[in-house]
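Data block for structure32.pdb (PDB, C-alpha atoms):
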```
ATOM      1  CA  MET A   1     170.944  35.016  42.000
ATOM      2  CA  GLY A   2     167.701  36.824  42.827
ATOM      3  CA  PHE A   3     165.385  37.821  39.991
ATOM      4  CA  PHE A   4     166.266  41.524  40.283
ATOM      5  CA  ASP A   5     169.906  40.669  39.586
ATOM      6  CA  LYS A   6     168.794  38.518  36.644
ATOM      7  CA  LEU A   7     166.642  41.392  35.428
ATOM      8  CA  LYS A   8     169.512  43.868  35.644
ATOM      9  CA  ALA A   9     171.739  41.456  33.747
ATOM     10  CA  GLY A  10     169.010  40.697  31.225
ATOM     11  CA  LEU A  11     168.343  44.377  30.524
ATOM     12  CA  GLN A  12     172.041  45.193  30.204
ATOM     13  CA  LYS A  13     171.928  45.539  26.424
ATOM     14  CA  THR A  14     169.164  48.111  26.592
ATOM     15  CA  LYS A  15     170.777  49.871  29.533
ATOM     16  CA  GLU A  16     174.251  50.056  27.994
ATOM     17  CA  ALA A  17     173.133  50.908  24.474
ATOM     18  CA  VAL A  18     170.552  53.486  25.410
ATOM     19  CA  PHE A  19     169.469  54.204  28.968
ATOM     20  CA  GLY A  20     173.059  54.125  30.176
ATOM     21  CA  GLN A  21     173.473  57.369  28.258
ATOM     22  CA  LEU A  22     170.964  58.960  30.586
ATOM     23  CA  ASN A  23     173.435  59.024  33.475
ATOM     24  CA  GLN A  24     176.085  60.550  31.211
ATOM     25  CA  VAL A  25     173.673  63.242  30.080
ATOM     26  CA  MET A  26     172.822  64.036  33.692
ATOM     27  CA  LYS A  27     176.500  64.344  34.591
ATOM     28  CA  ASN A  28     177.266  66.657  31.703
ATOM     29  CA  PHE A  29     174.252  68.960  31.802
ATOM     30  CA  ARG A  30     174.726  72.554  32.871
ATOM     31  CA  LYS A  31     171.136  73.388  33.578
ATOM     32  CA  VAL A  32     167.709  71.829  33.368
ATOM     33  CA  ASP A  33     166.424  73.260  30.107
ATOM     34  CA  GLU A  34     164.977  72.296  26.722
ATOM     35  CA  ASP A  35     168.385  71.104  25.515
ATOM     36  CA  LEU A  36     168.441  68.516  28.298
ATOM     37  CA  LEU A  37     164.896  67.398  27.504
ATOM     38  CA  GLU A  38     165.752  67.052  23.817
ATOM     39  CA  GLU A  39     168.687  64.801  24.682
ATOM     40  CA  LEU A  40     166.485  62.661  26.909
ATOM     41  CA  GLU A  41     163.874  62.454  24.168
ATOM     42  CA  GLU A  42     166.466  61.216  21.684
ATOM     43  CA  ILE A  43     167.675  58.567  24.130
ATOM     44  CA  MET A  44     164.172  57.204  24.655
ATOM     45  CA  ILE A  45     163.407  57.075  20.941
ATOM     46  CA  MET A  46     166.671  55.147  20.437
ATOM     47  CA  ALA A  47     165.370  52.647  23.019
ATOM     48  CA  ASP A  48     162.443  51.999  20.647
ATOM     49  CA  MET A  49     159.999  53.590  23.060
ATOM     50  CA  GLY A  50     158.091  55.063  20.131
ATOM     51  CA  ALA A  51     157.639  58.716  19.208
ATOM     52  CA  GLY A  52     154.143  59.069  20.657
ATOM     53  CA  THR A  53     154.958  57.482  23.994
ATOM     54  CA  THR A  54     158.227  59.413  24.262
ATOM     55  CA  GLU A  55     156.425  62.692  23.624
ATOM     56  CA  LYS A  56     153.956  61.953  26.437
ATOM     57  CA  VAL A  57     156.785  61.150  28.860
ATOM     58  CA  ILE A  58     158.798  64.267  27.970
ATOM     59  CA  ASP A  59     155.730  66.526  28.174
ATOM     60  CA  GLU A  60     154.934  65.264  31.661
ATOM     61  CA  LEU A  61     158.569  65.566  32.710
ATOM     62  CA  ARG A  62     158.629  69.161  31.454
ATOM     63  CA  ASP A  63     155.495  69.968  33.481
ATOM     64  CA  ARG A  64     156.931  68.417  36.634
ATOM     65  CA  ILE A  65     160.232  70.271  36.256
ATOM     66  CA  LYS A  66     158.345  73.536  35.976
ATOM     67  CA  THR A  67     155.813  72.846  38.734
ATOM     68  CA  LYS A  68     158.391  71.529  41.214
ATOM     69  CA  ASN A  69     161.152  73.913  40.124
ATOM     70  CA  ILE A  70     163.609  71.052  39.697
ATOM     71  CA  LYS A  71     167.199  72.188  39.275
ATOM     72  CA  THR A  72     169.286  69.026  39.737
ATOM     73  CA  GLY A  73     170.041  66.005  37.590
ATOM     74  CA  ASP A  74     169.052  63.667  40.411
ATOM     75  CA  GLY A  75     165.717  65.428  40.645
ATOM     76  CA  VAL A  76     165.078  65.059  36.913
ATOM     77  CA  LYS A  77     166.117  61.410  37.013
ATOM     78  CA  ALA A  78     163.821  60.655  39.964
ATOM     79  CA  GLU A  79     160.844  62.251  38.232
ATOM     80  CA  LEU A  80     161.600  60.418  34.980
ATOM     81  CA  ALA A  81     161.747  57.093  36.806
ATOM     82  CA  ASP A  82     158.406  57.832  38.474
ATOM     83  CA  ILE A  83     156.814  58.748  35.131
ATOM     84  CA  LEU A  84     158.142  55.598  33.458
ATOM     85  CA  ARG A  85     156.825  53.391  36.262
ATOM     86  CA  ALA A  86     153.393  54.938  35.838
ATOM     87  CA  GLN A  87     153.672  54.691  32.053
ATOM     88  CA  VAL A  88     154.328  50.948  31.993
ATOM     89  CA  GLY A  89     151.726  50.285  34.692
ATOM     90  CA  GLU A  90     151.703  47.728  37.437
ATOM     91  CA  GLY A  91     151.381  44.133  36.355
ATOM     92  CA  GLU A  92     148.110  42.591  37.429
ATOM     93  CA  PRO A  93     148.084  39.122  38.984
ATOM     94  CA  LEU A  94     146.500  36.278  37.063
ATOM     95  CA  ASN A  95     142.845  35.666  37.806
ATOM     96  CA  LEU A  96     142.966  32.097  39.102
ATOM     97  CA  SER A  97     139.942  32.294  41.356
ATOM     98  CA  THR A  98     138.374  28.993  40.280
ATOM     99  CA  SER A  99     139.563  25.397  40.049
ATOM    100  CA  PRO A 100     140.262  24.903  37.314
ATOM    101  CA  SER A 101     141.040  28.334  35.956
ATOM    102  CA  VAL A 102     141.935  28.641  32.272
ATOM    103  CA  ILE A 103     144.903  30.418  30.682
ATOM    104  CA  LEU A 104     144.721  30.673  26.891
ATOM    105  CA  VAL A 105     148.125  31.535  25.377
ATOM    106  CA  ILE A 106     148.367  33.129  21.927
ATOM    107  CA  GLY A 107     151.134  34.614  19.769
ATOM    108  CA  VAL A 108     152.873  34.180  16.434
ATOM    109  CA  ASN A 109     155.507  31.510  15.856
ATOM    110  CA  GLY A 110     158.982  32.289  17.139
ATOM    111  CA  VAL A 111     158.075  34.664  19.982
ATOM    112  CA  GLY A 112     158.795  32.115  22.720
ATOM    113  CA  LYS A 113     155.209  30.979  23.294
ATOM    114  CA  THR A 114     156.039  27.350  24.065
ATOM    115  CA  THR A 115     158.847  28.172  26.482
ATOM    116  CA  SER A 116     156.678  30.817  28.162
ATOM    117  CA  ILE A 117     153.996  28.209  28.829
ATOM    118  CA  GLY A 118     156.573  25.922  30.408
ATOM    119  CA  LYS A 119     157.951  28.705  32.586
ATOM    120  CA  ILE A 120     154.519  29.933  33.694
ATOM    121  CA  ALA A 121     153.515  26.343  34.491
ATOM    122  CA  HIS A 122     156.708  26.010  36.525
ATOM    123  CA  ASN A 123     155.909  29.202  38.471
ATOM    124  CA  LEU A 124     152.385  27.998  39.214
ATOM    125  CA  LYS A 125     153.562  24.585  40.349
ATOM    126  CA  LYS A 126     156.071  26.245  42.698
ATOM    127  CA  GLU A 127     153.062  28.030  44.219
ATOM    128  CA  GLY A 128     151.537  24.632  44.931
ATOM    129  CA  LYS A 129     149.018  24.571  42.087
ATOM    130  CA  ARG A 130     148.152  21.490  40.051
ATOM    131  CA  VAL A 131     148.604  22.343  36.372
ATOM    132  CA  VAL A 132     147.480  20.660  33.165
ATOM    133  CA  VAL A 133     148.670  21.898  29.753
ATOM    134  CA  ALA A 134     146.721  21.416  26.505
ATOM    135  CA  ALA A 135     148.878  21.046  23.372
ATOM    136  CA  ALA A 136     146.351  22.701  21.046
ATOM    137  CA  ASP A 137     148.959  24.081  18.620
ATOM    138  CA  THR A 138     148.565  21.040  16.391
ATOM    139  CA  PHE A 139     149.624  22.656  13.106
ATOM    140  CA  ARG A 140     153.271  23.574  13.667
ATOM    141  CA  ALA A 141     155.788  20.800  13.161
ATOM    142  CA  ALA A 142     157.372  19.669  16.452
ATOM    143  CA  ALA A 143     155.175  22.013  18.521
ATOM    144  CA  ILE A 144     153.775  19.145  20.587
ATOM    145  CA  GLU A 145     157.214  17.626  21.152
ATOM    146  CA  GLN A 146     158.702  20.956  22.255
ATOM    147  CA  LEU A 147     155.832  21.587  24.629
ATOM    148  CA  ALA A 148     156.209  18.085  26.045
ATOM    149  CA  VAL A 149     159.861  18.804  26.897
ATOM    150  CA  TRP A 150     158.921  21.971  28.770
ATOM    151  CA  CYS A 151     156.051  20.295  30.602
ATOM    152  CA  GLU A 152     158.428  17.575  31.727
ATOM    153  CA  ARG A 153     160.876  20.178  33.008
ATOM    154  CA  ALA A 154     158.074  21.974  34.839
ATOM    155  CA  GLY A 155     156.729  18.695  36.212
ATOM    156  CA  VAL A 156     153.184  19.195  34.911
ATOM    157  CA  ASP A 157     150.816  17.022  32.876
ATOM    158  CA  MET A 158     150.264  17.598  29.157
ATOM    159  CA  ILE A 159     147.255  16.492  27.095
ATOM    160  CA  SER A 160     147.827  16.090  23.350
ATOM    161  CA  GLN A 161     146.661  14.394  20.188
ATOM    162  CA  LYS A 162     148.496  13.716  16.940
ATOM    163  CA  GLU A 163     149.842  16.532  14.770
ATOM    164  CA  GLY A 164     147.091  18.084  12.646
ATOM    165  CA  ALA A 165     144.300  17.185  15.046
ATOM    166  CA  ASP A 166     141.425  19.593  15.704
ATOM    167  CA  PRO A 167     142.631  22.037  18.405
ATOM    168  CA  ALA A 168     139.133  22.266  19.896
ATOM    169  CA  SER A 169     139.147  18.493  20.338
ATOM    170  CA  VAL A 170     142.433  18.707  22.232
ATOM    171  CA  VAL A 171     140.952  21.393  24.480
ATOM    172  CA  PHE A 172     137.893  19.218  25.142
ATOM    173  CA  ASP A 173     140.121  16.302  26.212
ATOM    174  CA  ALA A 174     142.283  18.589  28.327
ATOM    175  CA  ILE A 175     139.269  20.001  30.172
ATOM    176  CA  ALA A 176     138.090  16.468  30.953
ATOM    177  CA  ALA A 177     141.572  15.615  32.233
ATOM    178  CA  ALA A 178     141.787  18.804  34.296
ATOM    179  CA  ASN A 179     138.451  18.003  35.946
ATOM    180  CA  LYS A 180     139.381  14.380  36.566
ATOM    181  CA  ARG A 181     142.761  15.297  38.056
ATOM    182  CA  ARG A 182     141.293  18.204  40.036
ATOM    183  CA  ALA A 183     143.709  20.632  38.439
ATOM    184  CA  ASP A 184     143.887  24.222  39.642
ATOM    185  CA  VAL A 185     144.955  25.641  36.287
ATOM    186  CA  LEU A 186     144.536  24.573  32.659
ATOM    187  CA  ILE A 187     146.989  26.261  30.272
ATOM    188  CA  ILE A 188     146.092  26.045  26.584
ATOM    189  CA  ASP A 189     148.678  26.467  23.822
ATOM    190  CA  THR A 190     147.245  27.724  20.516
ATOM    191  CA  ALA A 191     148.374  27.858  16.893
ATOM    192  CA  GLY A 192     150.805  30.648  16.085
ATOM    193  CA  ARG A 193     150.624  30.578  12.317
ATOM    194  CA  LEU A 194     147.111  31.810  11.627
ATOM    195  CA  HIS A 195     147.970  34.560   9.182
ATOM    196  CA  ASN A 196     144.845  36.665   9.168
ATOM    197  CA  LYS A 197     142.366  37.990  11.680
ATOM    198  CA  SER A 198     139.376  35.980  10.466
ATOM    199  CA  ASN A 199     141.207  32.647  10.796
ATOM    200  CA  LEU A 200     142.496  33.592  14.224
ATOM    201  CA  MET A 201     139.057  34.659  15.404
ATOM    202  CA  GLU A 202     137.466  31.495  14.070
ATOM    203  CA  GLU A 203     139.985  29.217  15.779
ATOM    204  CA  LEU A 204     139.848  31.075  19.077
ATOM    205  CA  ALA A 205     136.045  31.198  18.913
ATOM    206  CA  LYS A 206     135.879  27.405  18.578
ATOM    207  CA  ILE A 207     138.191  26.943  21.549
ATOM    208  CA  ASN A 208     136.322  29.508  23.621
ATOM    209  CA  ARG A 209     132.989  27.830  22.857
ATOM    210  CA  ILE A 210     134.341  24.551  24.211
ATOM    211  CA  ILE A 211     135.620  26.279  27.347
ATOM    212  CA  SER A 212     132.332  28.124  27.873
ATOM    213  CA  ARG A 213     130.315  24.933  27.461
ATOM    214  CA  GLU A 214     132.493  22.665  29.602
ATOM    215  CA  LEU A 215     133.742  25.186  32.177
ATOM    216  CA  PRO A 216     131.089  27.930  32.191
ATOM    217  CA  ASP A 217     132.115  29.390  35.539
ATOM    218  CA  ALA A 218     135.899  29.162  35.157
ATOM    219  CA  ALA A 219     138.114  32.210  35.610
ATOM    220  CA  ARG A 220     139.837  32.888  32.283
ATOM    221  CA  GLU A 221     142.953  34.663  31.077
ATOM    222  CA  THR A 222     144.094  35.236  27.499
ATOM    223  CA  LEU A 223     147.817  36.003  27.410
ATOM    224  CA  LEU A 224     149.549  37.373  24.311
ATOM    225  CA  VAL A 225     153.244  36.477  24.045
ATOM    226  CA  LEU A 226     155.438  39.112  22.363
ATOM    227  CA  ASP A 227     159.117  38.987  21.399
ATOM    228  CA  SER A 228     160.790  42.081  22.867
ATOM    229  CA  THR A 229     163.623  41.959  20.335
ATOM    230  CA  THR A 230     161.215  43.042  17.595
ATOM    231  CA  GLY A 231     160.688  46.462  19.187
ATOM    232  CA  GLN A 232     157.907  48.432  17.522
ATOM    233  CA  ASN A 233     156.878  45.353  15.500
ATOM    234  CA  ALA A 234     155.725  43.871  18.802
ATOM    235  CA  VAL A 235     153.486  46.909  19.249
ATOM    236  CA  MET A 236     151.895  46.248  15.854
ATOM    237  CA  GLN A 237     151.378  42.565  16.721
ATOM    238  CA  ALA A 238     149.678  43.533  19.964
ATOM    239  CA  LYS A 239     147.303  45.878  18.127
ATOM    240  CA  LYS A 240     146.349  43.208  15.578
ATOM    241  CA  PHE A 241     145.780  40.505  18.184
ATOM    242  CA  LYS A 242     143.744  42.903  20.311
ATOM    243  CA  GLU A 243     141.357  43.277  17.359
ATOM    244  CA  ALA A 244     140.928  39.502  17.198
ATOM    245  CA  ALA A 245     140.927  38.417  20.839
ATOM    246  CA  ASP A 246     139.957  39.619  24.309
ATOM    247  CA  ILE A 247     143.513  39.797  25.638
ATOM    248  CA  THR A 248     143.845  40.125  29.410
ATOM    249  CA  GLY A 249     147.623  40.301  29.703
ATOM    250  CA  LEU A 250     150.970  40.422  27.911
ATOM    251  CA  VAL A 251     154.003  38.163  28.249
ATOM    252  CA  LEU A 252     157.225  39.848  27.070
ATOM    253  CA  THR A 253     160.047  37.461  26.190
ATOM    254  CA  LYS A 254     163.744  37.764  25.281
ATOM    255  CA  LEU A 255     164.365  41.072  27.036
ATOM    256  CA  ASP A 256     167.915  39.832  27.608
ATOM    257  CA  GLY A 257     168.545  39.724  23.853
ATOM    258  CA  THR A 258     167.678  43.251  22.832
ATOM    259  CA  ALA A 259     168.671  46.903  23.110
ATOM    260  CA  LYS A 260     165.012  47.762  22.404
ATOM    261  CA  GLY A 261     163.652  47.312  25.921
ATOM    262  CA  GLY A 262     161.966  50.703  25.668
ATOM    263  CA  ALA A 263     159.305  49.077  23.520
ATOM    264  CA  VAL A 264     157.773  47.756  26.749
ATOM    265  CA  PHE A 265     156.548  51.279  27.517
ATOM    266  CA  SER A 266     154.945  51.892  24.116
ATOM    267  CA  ILE A 267     153.296  48.453  24.061
ATOM    268  CA  LYS A 268     151.481  49.240  27.295
ATOM    269  CA  ASP A 269     150.747  52.800  26.198
ATOM    270  CA  GLU A 270     149.302  51.952  22.789
ATOM    271  CA  VAL A 271     147.311  48.790  23.530
ATOM    272  CA  ASP A 272     146.468  49.428  27.220
ATOM    273  CA  ILE A 273     146.868  45.801  28.270
ATOM    274  CA  PRO A 274     148.777  45.000  31.466
ATOM    275  CA  VAL A 275     152.155  43.288  31.254
ATOM    276  CA  LYS A 276     151.826  40.168  33.428
ATOM    277  CA  PHE A 277     155.117  38.324  32.850
ATOM    278  CA  ILE A 278     158.580  39.178  31.566
ATOM    279  CA  GLY A 279     161.362  36.826  30.531
ATOM    280  CA  VAL A 280     165.074  37.644  30.685
ATOM    281  CA  GLY A 281     166.739  34.336  29.878
ATOM    282  CA  GLU A 282     166.371  30.747  28.734
ATOM    283  CA  LYS A 283     166.276  28.997  32.123
ATOM    284  CA  ILE A 284     163.008  27.822  33.579
ATOM    285  CA  ASP A 285     163.235  30.392  36.414
ATOM    286  CA  ASP A 286     163.962  33.302  34.083
ATOM    287  CA  MET A 287     160.342  34.425  33.759
ATOM    288  CA  GLN A 288     158.557  36.188  36.588
ATOM    289  CA  PRO A 289     155.430  38.282  37.206
ATOM    290  CA  PHE A 290     155.990  41.862  36.074
ATOM    291  CA  ASP A 291     156.954  44.493  38.637
ATOM    292  CA  ALA A 292     157.089  48.093  37.339
ATOM    293  CA  LYS A 293     159.424  49.382  40.064
ATOM    294  CA  MET A 294     161.831  46.509  39.594
ATOM    295  CA  PHE A 295     161.803  46.939  35.816
ATOM    296  CA  VAL A 296     162.438  50.692  35.778
ATOM    297  CA  ASP A 297     165.053  50.495  38.551
ATOM    298  CA  ALA A 298     166.912  47.821  36.597
ATOM    299  CA  LEU A 299     166.965  50.121  33.565
ATOM    300  CA  ILE A 300     167.838  53.547  34.887
ATOM    301  CA  SER A 301     168.828  53.498  38.546
ATOM    302  CA  ASP A 302     171.449  51.987  40.792
ATOM    303  CA  ASP A 303     169.053  51.467  43.690
ATOM    304  CA  VAL A 304     169.060  48.073  45.340
ATOM    305  CA  TYR A 305     165.729  46.320  45.095
ATOM    306  CA  GLU A 306     165.074  44.102  48.111
ATOM    307  CA  GLU A 307     163.467  40.747  47.391
ATOM    308  CA  PRO A 308     163.358  37.306  49.034
ATOM    309  CA  GLU A 309     166.054  34.821  48.171
ATOM    310  CA  ALA A 310     165.203  32.947  44.971
ATOM    311  CA  GLU A 311     165.637  29.241  44.454
ATOM    312  CA  ALA A 312     168.368  27.853  42.237
ATOM    313  CA  ASP A 313     168.005  28.232  38.486
ATOM    314  CA  GLY A 314     166.466  25.513  36.365
ATOM    315  CA  GLU A 315     168.084  23.828  33.412
ATOM    316  CA  ASP A 316     169.332  25.693  30.374
ATOM    317  CA  ALA A 317     167.015  25.293  27.410
ATOM    318  CA  GLU A 318     166.707  26.357  23.824
ATOM    319  CA  ASP A 319     164.045  29.013  23.212
ATOM    320  CA  GLY A 320     162.694  27.175  20.202
ATOM    321  CA  GLU A 321     159.221  28.710  20.015
TER
END
```
Structure re-expressed in C-alpha cells:
Amino acid sequence: MGFFDKLKAGLQKTKEAVFGQLNQVMKNFRKVDEDLLEELEEIMIMADMGAGTTEKVIDELRDRIKTKNIKTGDGVKAELADILRAQVGEGEPLNLSTSPSVILVIGVNGVGKTTSIGKIAHNLKKEGKRVVVAAADTFRAAAIEQLAVWCERAGVDMISQKEGADPASVVFDAIAAANKRRADVLIIDTAGRLHNKSNLMEELAKINRIISRELPDAARETLLVLDSTTGQNAVMQAKKFKEAADITGLVLTKLDGTAKGGAVFSIKDEVDIPVKFIGVGEKIDDMQPFDAKMFVDALISDDVYEEPEAEADGEDAEDGE
C-alpha cells in the first residue's frame, strides 16, 4: 500500500465524521449563497479547525466565489481545497546540510515522541544516511528502553546512560559517537515532563550549549511532536513550546485515531511553523514527510494521487510514548 492510500485510510475518521459531510452539502445545495457558506463553516469547526482559522478560510472562499462568479458545487469544492492547501502550507524538508546534522526532538509525554524518533530514523536510514540517536530523556521511566526498541527496529545506533543521568552528558557522549562513526544525522530525544517554561528553557539551553560547543557548524532542527487526537489542545501546546524553544518544524502523530484532523490547519495558522512529518499508524513506515496536496486530497477529494510504489510495511508496534 502506497502512503497516499495509508493517508486516506488514516484520515478516515476525520473524513467520515466531518469532511465527508462536505460532499453531501454540495450535492444538496440549491445555490451558492451564504447558507452554503454557513454549512461549510459549521463542518470545519466540527473538524476542530478552530474558529479563527475557519473564519479566514470562509472569508477567502466567499471572496473567490464572488470574484470568479462560481455557481457550481464542484467549483466551490475546488476553491476550498486550494485554500486549505495554502492554509496548511507546504512541508519544508529537513535541513541536513552538514555531517553530522542535529535533530532535537521535543514534546510532552504521551504524544508519540519516542515512536516518531524511531520512524524518522528509519526514513533517514532508507535514504542512505548514517544515524545516531541520543537517549537524553533520562527522567521518564522506561524511556530509554522504549527508544532502544525503536532504534533496533530502525537499524540505527543509540547512545544512552543510566536512568536519571544528566541529559547534557548524554548529548555530549552522543556527539562524540556521531563524530567517531561519521554519522550523517544525530537525533536527540529530550525530556517530555518538564512542566513549566523556565525548566524547559533551562534544559534545552544546556543541551544547545553542548551542541554549539561541540558541533558549532552543524545544521540544526528542533522538531515539536504533537498528538493530533488532542485537537485544539495541540494548538495550545505548540504556542507554549514556541515561547520556550526555537522550533523549526512540527511532527503530527496519531492522525489515524482522531476525527479532529482539522486541527492541522489551525496549528499551522496560529503558530506559523511548518509541518514536516505526519503519522497515520503504528508501523515503522507510517510516518512520512508532509505533503499539503496529498493531505487535503485525502480529506476532501476523490482524486488519485500518483506516487512511487512504497516498500512493504514494517512491524506493528505499540505507540507507547
Quiz item: Which one is closest to Glu90 in chain A: A:Asp286, A:Lys276, A:Arg140, A:Val25? Count only C-alpha atoms.
Solution: A:Lys276
Exercise. Return as a count of residues only the set of residues that the PyMOL selection byres ((chain A and resi 158) around 8) yields on the displayed structure.
Key: 10
Quiz item: Which is closer to Thr190 in chain A than all the others in A:Glu16, A:Asp173, A:Asp137, A:Glu214, using only C-alpha atoms?
Solution: A:Asp137
Self-check item: For Thr67 in chain A: contacts at 12 Å, only C-alpha atoms, fewer than 6 positions along chain excluded, given as number ranges by chain
Solution: A: 60-61, 79
Exercise. List, as a ChimeraX atom specification, every residue that the PyMOL selection byres ((chain A and resi 94) around 10) selects in the file provided.
Key: /A:91-93,95-97,101,103,219-223,248-249,276-277,289
Self-check item: Test item: the PyMOL selection byres ((chain A and resi 86) around 12) resolved as a list of chain:residue names
Solution: A:Lys56, A:Val57, A:Glu60, A:Glu79, A:Leu80, A:Ala81, A:Asp82, A:Ile83, A:Leu84, A:Arg85, A:Gln87, A:Val88, A:Gly89, A:Glu90, A:Gly91, A:Phe265, A:Lys268, A:Asp269, A:Pro274, A:Asp291, A:Ala292, A:Lys293, A:Phe295, A:Val296
Quiz item: What is the CA of Val235 in chain A-CA of Ile43 in chain A distance in Å, reported with one decimal?
Solution: 19.0 Å
